[in-house]
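Next up, start.cif (mmCIF, C-alpha atoms and all ligand atoms):
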data_protein
#
loop_
_atom_site.label_atom_id
_atom_site.label_comp_id
_atom_site.auth_asym_id
_atom_site.auth_seq_id
_atom_site.Cartn_x
_atom_site.Cartn_y
_atom_site.Cartn_z
CA MET A 1 17.29 -8.11 18.38
CA ARG A 2 17.93 -7.71 14.66
CA GLU A 3 21.64 -8.44 15.06
CA ASN A 4 21.72 -10.35 11.78
CA ARG A 5 22.23 -7.25 9.68
CA ILE A 6 23.14 -7.76 6.07
CA ASN A 7 24.61 -5.33 3.59
CA THR A 8 21.74 -3.84 1.59
CA LYS A 9 22.86 -3.07 -1.95
CA TYR A 10 21.43 0.13 -3.42
CA ILE A 11 21.09 0.15 -7.21
CA LYS A 12 19.71 3.01 -9.28
CA VAL A 13 17.69 1.94 -12.29
CA ASN A 14 16.02 3.78 -15.13
CA PRO A 15 12.27 3.69 -14.36
CA GLU A 16 11.14 3.73 -17.99
CA PHE A 17 13.84 1.71 -19.70
CA PRO A 18 15.43 -0.33 -16.90
CA GLU A 19 18.97 -1.52 -17.61
CA ALA A 20 19.40 -5.30 -17.95
CA GLY A 21 22.23 -5.52 -15.36
CA PRO A 22 20.26 -4.52 -12.23
CA LEU A 23 17.22 -6.55 -13.31
CA GLU A 24 19.31 -9.66 -13.84
CA GLU A 25 21.11 -9.18 -10.55
CA GLY A 26 17.80 -8.70 -8.73
CA GLY A 27 16.30 -11.69 -10.53
CA ARG A 28 19.24 -13.88 -9.50
CA VAL A 29 18.95 -12.84 -5.87
CA LEU A 30 15.21 -13.60 -5.88
CA ARG A 31 15.77 -17.01 -7.45
CA ARG A 32 18.33 -17.81 -4.77
CA GLY A 33 15.95 -16.95 -1.94
CA GLY A 34 16.89 -13.31 -1.23
CA LEU A 35 14.77 -10.19 -0.74
CA VAL A 36 14.65 -7.41 -3.35
CA ALA A 37 12.75 -4.13 -2.95
CA PHE A 38 11.55 -2.59 -6.18
CA PRO A 39 9.29 0.19 -7.47
CA THR A 40 5.80 -0.61 -8.68
CA GLU A 41 3.17 1.79 -10.01
CA THR A 42 1.45 1.72 -6.57
CA VAL A 43 4.16 1.75 -3.85
CA TYR A 44 7.56 0.05 -3.44
CA GLY A 45 7.29 -3.72 -2.99
CA LEU A 46 9.48 -6.18 -1.09
CA GLY A 47 9.83 -9.27 -3.24
CA ALA A 48 10.66 -12.92 -2.57
CA ASN A 49 10.30 -16.09 -4.65
CA VAL A 50 6.75 -17.37 -4.05
CA LEU A 51 7.82 -20.98 -4.45
CA ASP A 52 10.52 -20.75 -1.76
CA GLY A 53 8.88 -20.93 1.67
CA ARG A 54 12.04 -19.83 3.47
CA ALA A 55 12.42 -16.77 1.27
CA VAL A 56 8.79 -15.87 1.93
CA ALA A 57 9.34 -16.27 5.67
CA LYS A 58 12.12 -13.68 5.43
CA ILE A 59 9.62 -11.09 4.20
CA PHE A 60 7.59 -11.46 7.39
CA GLU A 61 10.73 -11.26 9.49
CA ALA A 62 12.17 -8.18 7.75
CA LYS A 63 8.87 -6.28 7.94
CA GLY A 64 7.71 -7.55 11.32
CA ARG A 65 4.53 -8.54 9.50
CA PRO A 66 1.93 -10.63 11.37
CA PRO A 67 1.98 -14.16 9.87
CA ASP A 68 -1.80 -14.20 9.37
CA ASN A 69 -1.60 -11.40 6.79
CA PRO A 70 -1.33 -13.04 3.33
CA LEU A 71 0.87 -11.72 0.50
CA ILE A 72 0.04 -10.65 -3.03
CA VAL A 73 1.67 -12.76 -5.74
CA HIS A 74 3.08 -10.63 -8.57
CA VAL A 75 3.39 -12.06 -12.08
CA ALA A 76 4.72 -10.66 -15.35
CA GLY A 77 2.02 -12.31 -17.49
CA ARG A 78 -1.21 -14.26 -17.23
CA GLU A 79 0.42 -17.53 -18.27
CA ALA A 80 2.29 -17.47 -14.94
CA LEU A 81 -1.04 -18.03 -13.15
CA ASP A 82 -1.00 -21.68 -14.27
CA GLY A 83 -0.06 -23.61 -11.17
CA LEU A 84 -0.97 -20.74 -8.85
CA VAL A 85 -4.76 -20.54 -9.26
CA LYS A 86 -7.30 -23.30 -9.86
CA GLY A 87 -9.01 -21.55 -12.70
CA ILE A 88 -9.63 -18.10 -14.12
CA PRO A 89 -13.33 -17.20 -14.12
CA ARG A 90 -14.72 -15.21 -17.04
CA ALA A 91 -15.07 -12.07 -14.89
CA ALA A 92 -11.40 -12.29 -13.94
CA GLU A 93 -10.39 -12.58 -17.61
CA GLU A 94 -12.38 -9.47 -18.43
CA LEU A 95 -10.87 -7.54 -15.56
CA MET A 96 -7.38 -8.60 -16.60
CA ASP A 97 -8.14 -7.44 -20.15
CA ALA A 98 -9.23 -4.08 -18.80
CA PHE A 99 -6.83 -3.39 -15.93
CA TRP A 100 -3.73 -5.58 -16.22
CA PRO A 101 -1.00 -4.69 -16.04
CA GLY A 102 -2.07 -2.26 -13.31
CA PRO A 103 -3.11 -1.64 -9.71
CA LEU A 104 -5.79 -4.37 -9.45
CA THR A 105 -5.24 -7.45 -7.25
CA ILE A 106 -7.64 -10.33 -7.78
CA ILE A 107 -8.37 -13.06 -5.20
CA LEU A 108 -8.91 -16.51 -6.76
CA GLN A 109 -8.94 -20.14 -5.58
CA ALA A 110 -5.34 -21.20 -4.93
CA CYS A 111 -3.57 -24.33 -6.13
CA GLU A 112 -2.25 -26.57 -3.37
CA LYS A 113 1.36 -25.90 -4.26
CA VAL A 114 1.16 -22.21 -3.27
CA PRO A 115 2.96 -22.21 0.10
CA SER A 116 0.66 -21.53 3.04
CA ARG A 117 3.05 -18.82 4.22
CA VAL A 118 1.97 -16.84 1.15
CA THR A 119 -1.77 -17.39 1.62
CA ALA A 120 -1.65 -17.39 5.44
CA GLY A 121 -3.38 -20.75 5.24
CA LEU A 122 -6.37 -19.53 3.20
CA ASP A 123 -7.58 -21.57 0.20
CA THR A 124 -7.39 -18.45 -1.96
CA VAL A 125 -4.50 -16.44 -3.34
CA ALA A 126 -4.16 -12.77 -4.32
CA VAL A 127 -2.59 -12.15 -7.75
CA ARG A 128 -1.57 -9.04 -9.63
CA MET A 129 0.40 -8.04 -12.70
CA PRO A 130 2.08 -4.68 -12.05
CA SER A 131 2.66 -2.22 -14.88
CA HIS A 132 5.89 -0.60 -13.69
CA PRO A 133 8.68 -1.49 -16.17
CA VAL A 134 11.13 -2.21 -13.34
CA ALA A 135 8.66 -4.52 -11.56
CA LEU A 136 7.83 -6.36 -14.78
CA GLY A 137 11.48 -6.61 -15.82
CA LEU A 138 12.51 -7.92 -12.41
CA ILE A 139 9.78 -10.59 -12.29
CA ARG A 140 10.69 -11.70 -15.82
CA ALA A 141 14.37 -11.83 -14.94
CA ALA A 142 13.60 -13.87 -11.81
CA GLY A 143 11.58 -16.34 -13.87
CA VAL A 144 9.40 -17.13 -10.84
CA PRO A 145 6.27 -15.51 -9.37
CA VAL A 146 7.19 -12.89 -6.78
CA ALA A 147 5.39 -12.43 -3.45
CA ALA A 148 5.56 -8.76 -2.59
CA PRO A 149 3.94 -6.72 0.16
CA SER A 150 4.89 -3.07 0.56
CA ALA A 151 8.57 -2.57 1.41
CA ASN A 152 8.06 -0.91 4.79
CA THR A 153 8.13 -1.94 8.43
CA SER A 154 4.66 -3.32 9.17
CA GLY A 155 2.30 -0.64 10.39
CA ARG A 156 4.31 2.30 9.00
CA PRO A 157 3.23 4.35 5.97
CA SER A 158 3.99 2.46 2.76
CA PRO A 159 7.15 3.55 0.91
CA THR A 160 6.75 5.60 -2.24
CA ASN A 161 10.47 6.06 -2.88
CA ALA A 162 13.73 4.16 -2.25
CA ARG A 163 14.70 6.43 0.67
CA HIS A 164 11.55 5.38 2.53
CA VAL A 165 12.50 1.74 1.94
CA LEU A 166 16.02 2.22 3.33
CA ASN A 167 14.72 4.17 6.33
CA ASP A 168 12.72 1.08 7.32
CA LEU A 169 14.62 -1.91 5.95
CA ASP A 170 18.30 -1.02 5.49
CA GLY A 171 20.35 -3.98 6.72
CA ARG A 172 17.45 -6.41 6.48
CA ILE A 173 17.10 -6.90 2.72
CA ASP A 174 19.55 -7.78 -0.04
CA ILE A 175 18.84 -5.16 -2.68
CA VAL A 176 16.79 -2.04 -3.24
CA LEU A 177 16.25 -1.00 -6.85
CA ASP A 178 15.73 2.77 -6.95
CA GLY A 179 13.49 3.67 -9.88
CA GLY A 180 12.38 7.05 -8.53
CA PRO A 181 8.96 7.78 -7.04
CA ALA A 182 6.18 5.19 -7.31
CA GLY A 183 3.20 6.39 -9.32
CA VAL A 184 -0.27 5.97 -7.83
CA GLY A 185 1.03 6.27 -4.27
CA VAL A 186 -1.56 4.05 -2.57
CA GLU A 187 -1.74 0.26 -2.77
CA SER A 188 -3.63 -1.79 -5.34
CA THR A 189 -7.36 -2.40 -5.14
CA VAL A 190 -7.99 -5.88 -3.71
CA LEU A 191 -11.01 -7.54 -5.35
CA ASP A 192 -12.34 -10.89 -4.15
CA LEU A 193 -13.61 -13.08 -6.99
CA ALA A 194 -13.54 -16.29 -4.95
CA GLY A 195 -16.75 -15.55 -3.06
CA PRO A 196 -20.41 -15.46 -4.10
CA GLU A 197 -20.19 -11.92 -5.53
CA PRO A 198 -17.32 -9.64 -6.54
CA LEU A 199 -16.29 -7.68 -3.47
CA VAL A 200 -13.74 -4.91 -2.98
CA LEU A 201 -11.78 -5.84 0.14
CA ARG A 202 -9.42 -2.88 -0.06
CA PRO A 203 -9.98 0.28 -2.10
CA GLY A 204 -6.97 1.31 -4.17
CA GLY A 205 -5.70 2.49 -7.52
CA ILE A 206 -8.68 1.12 -9.50
CA THR A 207 -11.98 2.59 -8.28
CA PRO A 208 -15.25 0.69 -7.70
CA GLU A 209 -16.74 2.92 -10.44
CA GLU A 210 -14.19 1.54 -12.92
CA LEU A 211 -14.82 -2.04 -11.80
CA LYS A 212 -18.58 -1.60 -12.21
CA LYS A 213 -18.11 -0.81 -15.90
CA ILE A 214 -16.77 -4.33 -16.41
CA LEU A 215 -18.60 -6.32 -13.74
CA GLY A 216 -21.97 -4.57 -13.72
CA ALA A 217 -22.20 -4.80 -9.95
CA VAL A 218 -19.54 -4.88 -7.31
CA GLY A 219 -19.81 -4.79 -3.53
CA VAL A 220 -17.52 -3.11 -1.07
CA ASP A 221 -16.63 -5.01 2.10
CA PRO A 222 -18.55 -3.23 4.89
CA ALA A 223 -15.36 -3.43 6.95
CA VAL A 224 -13.91 -0.72 4.69
CA ARG A 225 -16.58 1.74 5.83
CA PRO A 226 -15.59 4.23 8.48
CA GLY A 227 -16.34 3.21 12.05
CA PHE A 228 -17.10 -0.42 11.12
CA LYS A 229 -17.50 -2.52 14.27
CA GLY A 230 -19.43 -5.43 12.82
CA GLU A 231 -19.17 -9.15 13.34
CA GLY A 232 -16.30 -11.18 12.06
CA GLY A 233 -14.00 -8.35 10.99
CA PRO A 234 -12.80 -7.68 7.45
CA ARG A 235 -12.46 -10.48 4.87
CA SER A 236 -9.03 -9.23 3.96
CA PRO A 237 -6.89 -10.20 6.94
CA GLY A 238 -4.53 -7.27 6.47
CA MET A 239 -7.31 -4.72 6.84
CA LYS A 240 -7.72 -5.36 10.53
CA TYR A 241 -4.36 -3.95 11.54
CA THR A 242 -3.55 -0.36 12.38
CA HIS A 243 -1.74 0.52 9.27
CA TYR A 244 -0.03 3.20 7.32
CA ALA A 245 0.57 5.11 10.55
CA PRO A 246 3.14 7.81 11.29
CA ARG A 247 4.64 7.89 14.79
CA ALA A 248 2.73 10.95 15.92
CA ARG A 249 -0.92 10.53 16.88
CA LEU A 250 -3.14 11.34 13.90
CA LEU A 251 -6.63 12.80 14.06
CA VAL A 252 -8.78 12.99 10.93
CA VAL A 253 -11.42 15.70 10.66
CA GLU A 254 -14.21 14.99 8.16
CA GLY A 255 -17.20 16.99 6.96
CA GLY A 256 -17.90 20.16 4.98
CA GLU A 257 -14.74 21.98 3.93
CA GLU A 258 -15.33 25.14 5.96
CA ALA A 259 -16.45 23.35 9.10
CA VAL A 260 -13.41 21.08 8.88
CA ALA A 261 -11.06 24.05 8.52
CA ALA A 262 -12.66 25.81 11.50
CA LYS A 263 -12.36 22.68 13.64
CA ILE A 264 -8.70 22.23 12.72
CA VAL A 265 -7.88 25.83 13.62
CA ASP A 266 -9.73 25.38 16.90
CA LEU A 267 -8.03 22.07 17.81
CA ALA A 268 -4.59 23.28 16.72
CA GLY A 269 -4.94 26.28 19.03
CA LYS A 270 -5.95 24.07 21.94
CA TYR A 271 -3.14 21.57 21.53
CA ARG A 272 -0.54 24.27 21.01
CA ALA A 273 -1.69 25.94 24.21
CA GLU A 274 -0.84 22.65 25.92
CA GLY A 275 2.68 22.98 24.55
CA ARG A 276 2.38 20.37 21.82
CA ARG A 277 3.90 20.56 18.34
CA VAL A 278 0.99 20.32 15.93
CA GLY A 279 1.33 19.16 12.31
CA ILE A 280 -1.44 19.76 9.81
CA LEU A 281 -1.96 17.52 6.79
CA SER A 282 -3.77 19.60 4.20
CA TYR A 283 -3.77 20.29 0.47
CA ARG A 284 -2.38 22.92 -1.86
CA ASP A 285 -5.90 24.16 -2.56
CA SER A 286 -6.92 24.30 1.11
CA MET A 287 -6.83 27.38 3.31
CA ASP A 288 -3.44 28.44 4.67
CA PHE A 289 -3.08 26.73 8.06
CA SER A 290 0.52 27.85 8.60
CA PRO A 291 -0.40 30.38 11.34
CA VAL A 292 -1.76 27.54 13.52
CA GLY A 293 0.56 24.58 12.83
CA GLU A 294 3.34 23.02 10.79
CA VAL A 295 1.73 22.29 7.45
CA VAL A 296 2.56 19.51 5.02
CA PRO A 297 0.41 19.56 1.88
CA ALA A 298 -0.42 16.32 0.06
CA GLY A 299 -1.45 17.23 -3.48
CA CYS A 300 -4.63 19.12 -4.40
CA ARG A 301 -7.98 17.98 -3.00
CA ALA A 302 -9.65 18.87 -6.30
CA ASN A 303 -7.52 16.15 -7.87
CA PRO A 304 -7.52 13.09 -5.56
CA GLU A 305 -4.89 11.32 -7.70
CA THR A 306 -2.36 13.94 -6.58
CA VAL A 307 -3.36 13.42 -2.94
CA ALA A 308 -2.85 9.65 -3.29
CA ALA A 309 0.57 10.20 -4.88
CA GLU A 310 1.84 12.38 -2.02
CA LEU A 311 -0.01 11.00 1.02
CA TYR A 312 2.54 8.54 2.43
CA ALA A 313 5.52 10.83 1.87
CA ALA A 314 3.62 13.54 3.77
CA LEU A 315 2.93 11.20 6.70
CA ARG A 316 6.60 10.25 6.84
CA ARG A 317 7.59 13.90 6.65
CA PHE A 318 5.77 14.58 9.93
CA ASP A 319 7.92 11.92 11.60
CA GLU A 320 11.06 13.65 10.34
CA MET A 321 9.78 16.98 11.67
CA GLY A 322 9.05 15.42 15.03
CA VAL A 323 5.54 16.81 15.60
CA ASP A 324 3.52 15.38 18.51
CA LEU A 325 0.16 15.39 16.86
CA ILE A 326 -1.18 15.54 13.29
CA LEU A 327 -4.54 17.00 12.33
CA ALA A 328 -5.60 15.80 8.88
CA GLU A 329 -8.28 17.27 6.64
CA GLY A 330 -10.50 14.60 5.11
CA VAL A 331 -11.09 14.52 1.34
CA GLU A 332 -14.13 13.45 -0.61
CA ASP A 333 -14.70 9.70 -0.35
CA ARG A 334 -15.01 9.16 -4.13
CA GLY A 335 -12.81 7.69 -6.84
CA VAL A 336 -9.29 7.20 -5.57
CA GLY A 337 -10.31 9.49 -2.67
CA MET A 338 -11.92 6.35 -1.23
CA ALA A 339 -8.51 4.70 -0.96
CA VAL A 340 -7.01 7.89 0.48
CA MET A 341 -9.68 8.11 3.18
CA ASP A 342 -9.39 4.40 3.95
CA ARG A 343 -5.64 4.81 4.59
CA LEU A 344 -6.06 8.03 6.57
CA ARG A 345 -8.74 6.54 8.82
CA LYS A 346 -6.59 3.49 9.45
CA ALA A 347 -3.53 5.63 10.13
CA ALA A 348 -5.69 7.46 12.67
CA GLY A 349 -6.60 4.17 14.34
CA GLY A 350 -10.24 5.26 14.29
CA ARG A 351 -9.65 8.76 15.74
CA ILE A 352 -12.05 10.53 13.41
CA ILE A 353 -13.95 13.72 14.19
CA TYR A 354 -17.06 14.45 12.14
CA VAL A 355 -18.16 18.07 11.94
P1 LIG B 401 0.06 -5.54 1.20
O1 LIG B 401 0.79 -6.50 0.34
O2 LIG B 401 0.75 -5.23 2.49
O3 LIG B 401 -0.32 -4.33 0.44
O4 LIG B 401 -1.28 -6.25 1.64
C1 LIG B 401 -1.96 -7.19 0.84
C2 LIG B 401 -3.42 -7.15 1.15
O5 LIG B 401 -4.09 -8.18 0.41
C3 LIG B 401 -3.71 -7.37 2.62
O6 LIG B 401 -4.76 -6.53 3.03
C4 LIG B 401 -4.12 -8.83 2.62
O7 LIG B 401 -4.93 -9.15 3.71
C5 LIG B 401 -4.84 -8.95 1.30
N1 LIG B 401 -4.87 -10.35 0.83
C6 LIG B 401 -3.84 -11.06 0.32
N2 LIG B 401 -4.23 -12.32 0.03
C7 LIG B 401 -5.53 -12.42 0.36
C8 LIG B 401 -6.50 -13.47 0.30
N3 LIG B 401 -6.19 -14.68 -0.17
N4 LIG B 401 -7.75 -13.20 0.73
C9 LIG B 401 -8.07 -11.96 1.20
N5 LIG B 401 -7.20 -10.93 1.28
C10 LIG B 401 -5.95 -11.16 0.87
MG MG B 402 1.49 -3.08 3.16
#
Whole structure, structure tokens version:
Amino acid sequence: MRENRINTKYIKVNPEFPEAGPLEEGGRVLRRGGLVAFPTETVYGLGANVLDGRAVAKIFEAKGRPPDNPLIVHVAGREALDGLVKGIPRAAEELMDAFWPGPLTIILQACEKVPSRVTAGLDTVAVRMPSHPVALGLIRAAGVPVAAPSANTSGRPSPTNARHVLNDLDGRIDIVLDGGPAGVGVESTVLDLAGPEPLVLRPGGITPEELKKILGAVGVDPAVRPGFKGEGGPRSPGMKYTHYAPRARLLVVEGGEEAVAAKIVDLAGKYRAEGRRVGILSYRDSMDFSPVGEVVPAGCRANPETVAAELYAALRRFDEMGVDLILAEGVEDRGVGMAVMDRLRKAAGGRIIYV
């Protein structure tokens, strides 16, 4: 298995004013059908030339990604959407004015020439213009649209720095551009504009509250709600997989702050008595759990942006520590906290305790 290792080239690049050399080298490799990992303002992406079906296939192979999970097409400007989407509805234009470049992915009707490997055979395509200077510079240098899922092994927490990328994909990709930590820390918001009403399929960097200001009304796919067991599954194929998960079993505890803390202390005591190593995912403004477990804080709960920025690194940290079980404090399900809770619940594979 995986005997076809290649030499992954590591290149440091200035995140604000990226040097032309690395961008051109990355662009050349993309154009020739290679894989390049690069920072975006959400998480690190693993890019391939959209128009090269074999290059796109390599993404699925390197990540071990299920083939029915479509990719987001990244562009450096709106003009690049010609030939990718059938038309840009008024609402999409307005959203692009407001949020592009930035962490908003829009689903539109796809042109026939978009390879079905990218769309997983759907008649729609997901498009986004990232704001990270390295991402933009690389896409411009490539001169082609770039398909890019997160640069991790499928199912693992998304990478928010180049070390995470190498931990998962060293030897399987051509280049990683290291532009320091990604910004937002959770993936883009996926908004479906190809259906009867605008619908958030995946919460992310842009909140439903922000979208409402432009669209007036916006729905949220019921499949995003905790404990969803409805008919048909989510409309975003990728949302059905256990995702973002560390190796240790994760349990999320949700409810009032004090009740959650009491439950965590209680559970940690029980599991430790069974001889297990217990990790606790909490926040800098939470109570001190260090007497009952090995604590990794992810930002401050009062400021959900900081939680989003540190969440995946914290989940990966538990793997490095080698804990057997992680107890995670829930945060408020509002603003970007909605994306945080979505990822935590998925990482827990539905193991949620309400108190
Ligand atoms: P990732 O690139 O791993 O962050 O995942 C991209 C997300 O966008 C996944 O949840 C996909 O299922 C979703 N997605 C991409 N294209 C489409 C599409 N045409 N329709 C619905 N969801 C999509
Ligand atoms: Mg991903």
Quick one: residues within 6 Å of region 329-344 of chain A, only C-alpha atoms counted, chain neighbours fewer than 3 positions away excluded, as number ranges by chain?
A: 203-204, 207, 253-254, 282, 304, 308, 347
Enumerate residues in contact with ligand MG 402 (chain B): an atom-to-atom distance of at most 7 Å, counting all atoms listed in the file. Format the result as number ranges by chain.
A: 149-150, 154, 158
Include C-alpha atoms and write out the residues we just selected as a compact mmCIF listing (two decimals), keeping the file's coordinate frame.
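Once everything was written out, this is again-v7.txt:
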# COMPACT_ATOMS: atom_id res chain seq x y z
CA PRO A 149 3.94 -6.72 0.16
CA SER A 150 4.89 -3.07 0.56
CA SER A 154 4.66 -3.32 9.17
CA SER A 158 3.99 2.46 2.76
Distance limit 8 Å, reference ligand LIG 401 (chain B), atoms considered: only C-alpha atoms and all ligand atoms. Which residues make the cut? Give them as JSON, numbers by chain.
{"A": [45, 69, 70, 71, 72, 105, 107, 108, 118, 119, 120, 122, 123, 124, 125, 126, 127, 148, 149, 150, 154, 187, 188, 190, 192, 201, 202, 235, 236, 237, 238, 239]}
Pick out the residues sitting within 8 Å of Val43 (chain A), and hand them over as a CSV table (one decimal) with C-alpha atoms, keeping the file's coordinate frame; count all atoms listed in the file, and ignore anything fewer than 6 positions along from it in its own chain.
chain,number,residue,atom,x,y,z
A,150,SER,CA,4.9,-3.1,0.6
A,158,SER,CA,4.0,2.5,2.8
A,159,PRO,CA,7.2,3.6,0.9
A,160,THR,CA,6.8,5.6,-2.2
A,161,ASN,CA,10.5,6.1,-2.9
A,182,ALA,CA,6.2,5.2,-7.3
A,183,GLY,CA,3.2,6.4,-9.3
A,184,VAL,CA,-0.3,6.0,-7.8
A,185,GLY,CA,1.0,6.3,-4.3
A,186,VAL,CA,-1.6,4.0,-2.6
A,187,GLU,CA,-1.7,0.3,-2.8
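With distances taken over all atoms listed in the file, A:Pro181 is the one residue among A:Ile264, A:Leu95, A:Pro181, A:Ala142 lying closest to Ala309 (chain A).
Atom pair CA of Ile206 (chain A) / CA of Ile59 (chain A) has a distance of 25.9 Å (rounded to one decimal).
Straight-line separation from CA of Lys346 (chain A) to CA of Glu257 (chain A): 20.9 Å.
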I'd like the contact shell of Gly137 (chain A) - 9 Å cut-off, only C-alpha atoms, skipping same-chain residues fewer than 3 positions apart - returned as a ChimeraX atom specification.
/A:18,20,23-24,27,76,132-134,140-142
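CA of Gly350 (chain A) is found 25.7 Å from CA of Asp285 (chain A).
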Centre and edge lengths of an axis-aligned box around all listed atoms of region 337-346 of chain A, with 8 Å added on each side, are to be given in Å to one decimal, as JSON.
{"center_x": -8.8, "center_y": 6.5, "center_z": 3.4, "size_x": 22.3, "size_y": 22.0, "size_z": 28.1}
When you look at region 168-171 of chain A with a cut-off of 6 Å (counting all atoms listed in the file), what residues show up, excluding the ones that are within fewer than 5 positions of it in the same chain? I need them as a count of residues only.
6
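Distances from A:Glu79, A:Glu41, A:Glu197, A:Glu209 to Pro130 (chain A) were compared using all atoms listed in the file, and the smallest one belongs to A:Glu41.
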Find the spatial neighbours of Pro157 (chain A), counting all atoms listed in the file, within a cut-off of 7 Å - ignore same-chain residues fewer than 2 positions away - and output them as a PyMOL selection string.
chain A and resi 155+159+244-246+312+315-316
Pull C-alpha atoms from the residues just selected and write them as a short mmCIF file (atom, residue, chain, number, x, y, z; two decimals), keeping the file's coordinate frame.
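What landed in out.cif:
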data_model
loop_
_atom_site.label_atom_id
_atom_site.label_comp_id
_atom_site.auth_asym_id
_atom_site.auth_seq_id
_atom_site.Cartn_x
_atom_site.Cartn_y
_atom_site.Cartn_z
CA GLY A 155 2.30 -0.64 10.39
CA PRO A 159 7.15 3.55 0.91
CA TYR A 244 -0.03 3.20 7.32
CA ALA A 245 0.57 5.11 10.55
CA PRO A 246 3.14 7.81 11.29
CA TYR A 312 2.54 8.54 2.43
CA LEU A 315 2.93 11.20 6.70
CA ARG A 316 6.60 10.25 6.84
#
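For the residues A:Val85, A:Val323, A:Val220, A:Val50, ranking by smallest atom-to-atom distance to Pro208 (chain A) using all atoms listed in the file places A:Val220 first.
Distance check against Glu305 (chain A) using all atoms listed in the file: of A:Arg351, A:Gly275, A:Thr42, A:Ala248, the minimum falls on A:Thr42.
If you measure from each of A:Gly279, A:Gly255, A:Gly102, A:Pro67 to Arg317 (chain A) using only C-alpha atoms, the closest one turns out to be A:Gly279.
Closest approach to Ala262 (chain A) among A:Ile173, A:Val355, A:Val73, A:Ala217 is made by A:Val355 (distances from only C-alpha atoms).
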